[in-house]
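Colleague: Encoded as structure tokens, here's the structure I'll be asking about.
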Amino acid sequence: MSPLLLQGAAAGGIALLITLVFFVVHLAMIVWTYSDAQSRSDHPPILWALIVFFAPILGVLLYLIIGRDSY
């Protein structure tokens with residue numbers, strides 16, 4: 001096997017691992033926002049979950065700033 005072919009396979013494996021990590025983090029943010037909004041927000045939790053789905057970082061920041069009710 002050529003060294004260039006091995007480097008390409010290693011780079012592909014690392015790219016796949018990074019992609020999977022980002023995917024899992026994105027799903028975790030959606031699930032956390034939904035479950036937190038069920039108990040701490042007057043707005044529908046599915047609305048916040050959709051916002052986080054389409055704009056992950058901005059959605060979580062908006063939820064933390066305006067979505068949570070202070071008890």
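All residue names refer to the structure tokens as shown: chains lettered A, B, ... in order, residues numbered from 1 in each chain, ligands numbered from 1 in order.
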Fewer than 2 positions away in the same chain doesn't count, so skip those; otherwise give me all residues within 9 Å of range 47-61 of chain A, counting only C-alpha atoms, as a ChimeraX atom specification.

Modeller: /A:26-27,29-34,37,43-45,63-67

Colleague: Mind pulling up the distance from CA of Val21 in chain A to CA of Arg68 in chain A?

Modeller: 27.0 Å

Colleague: Enumerate the residues of chain A with a DSSP assignment of alpha helix (DSSP H), computed from the backbone, and present them as an MDAnalysis selection string.

Modeller: chainID A and resid 3:40 45:54 56:62
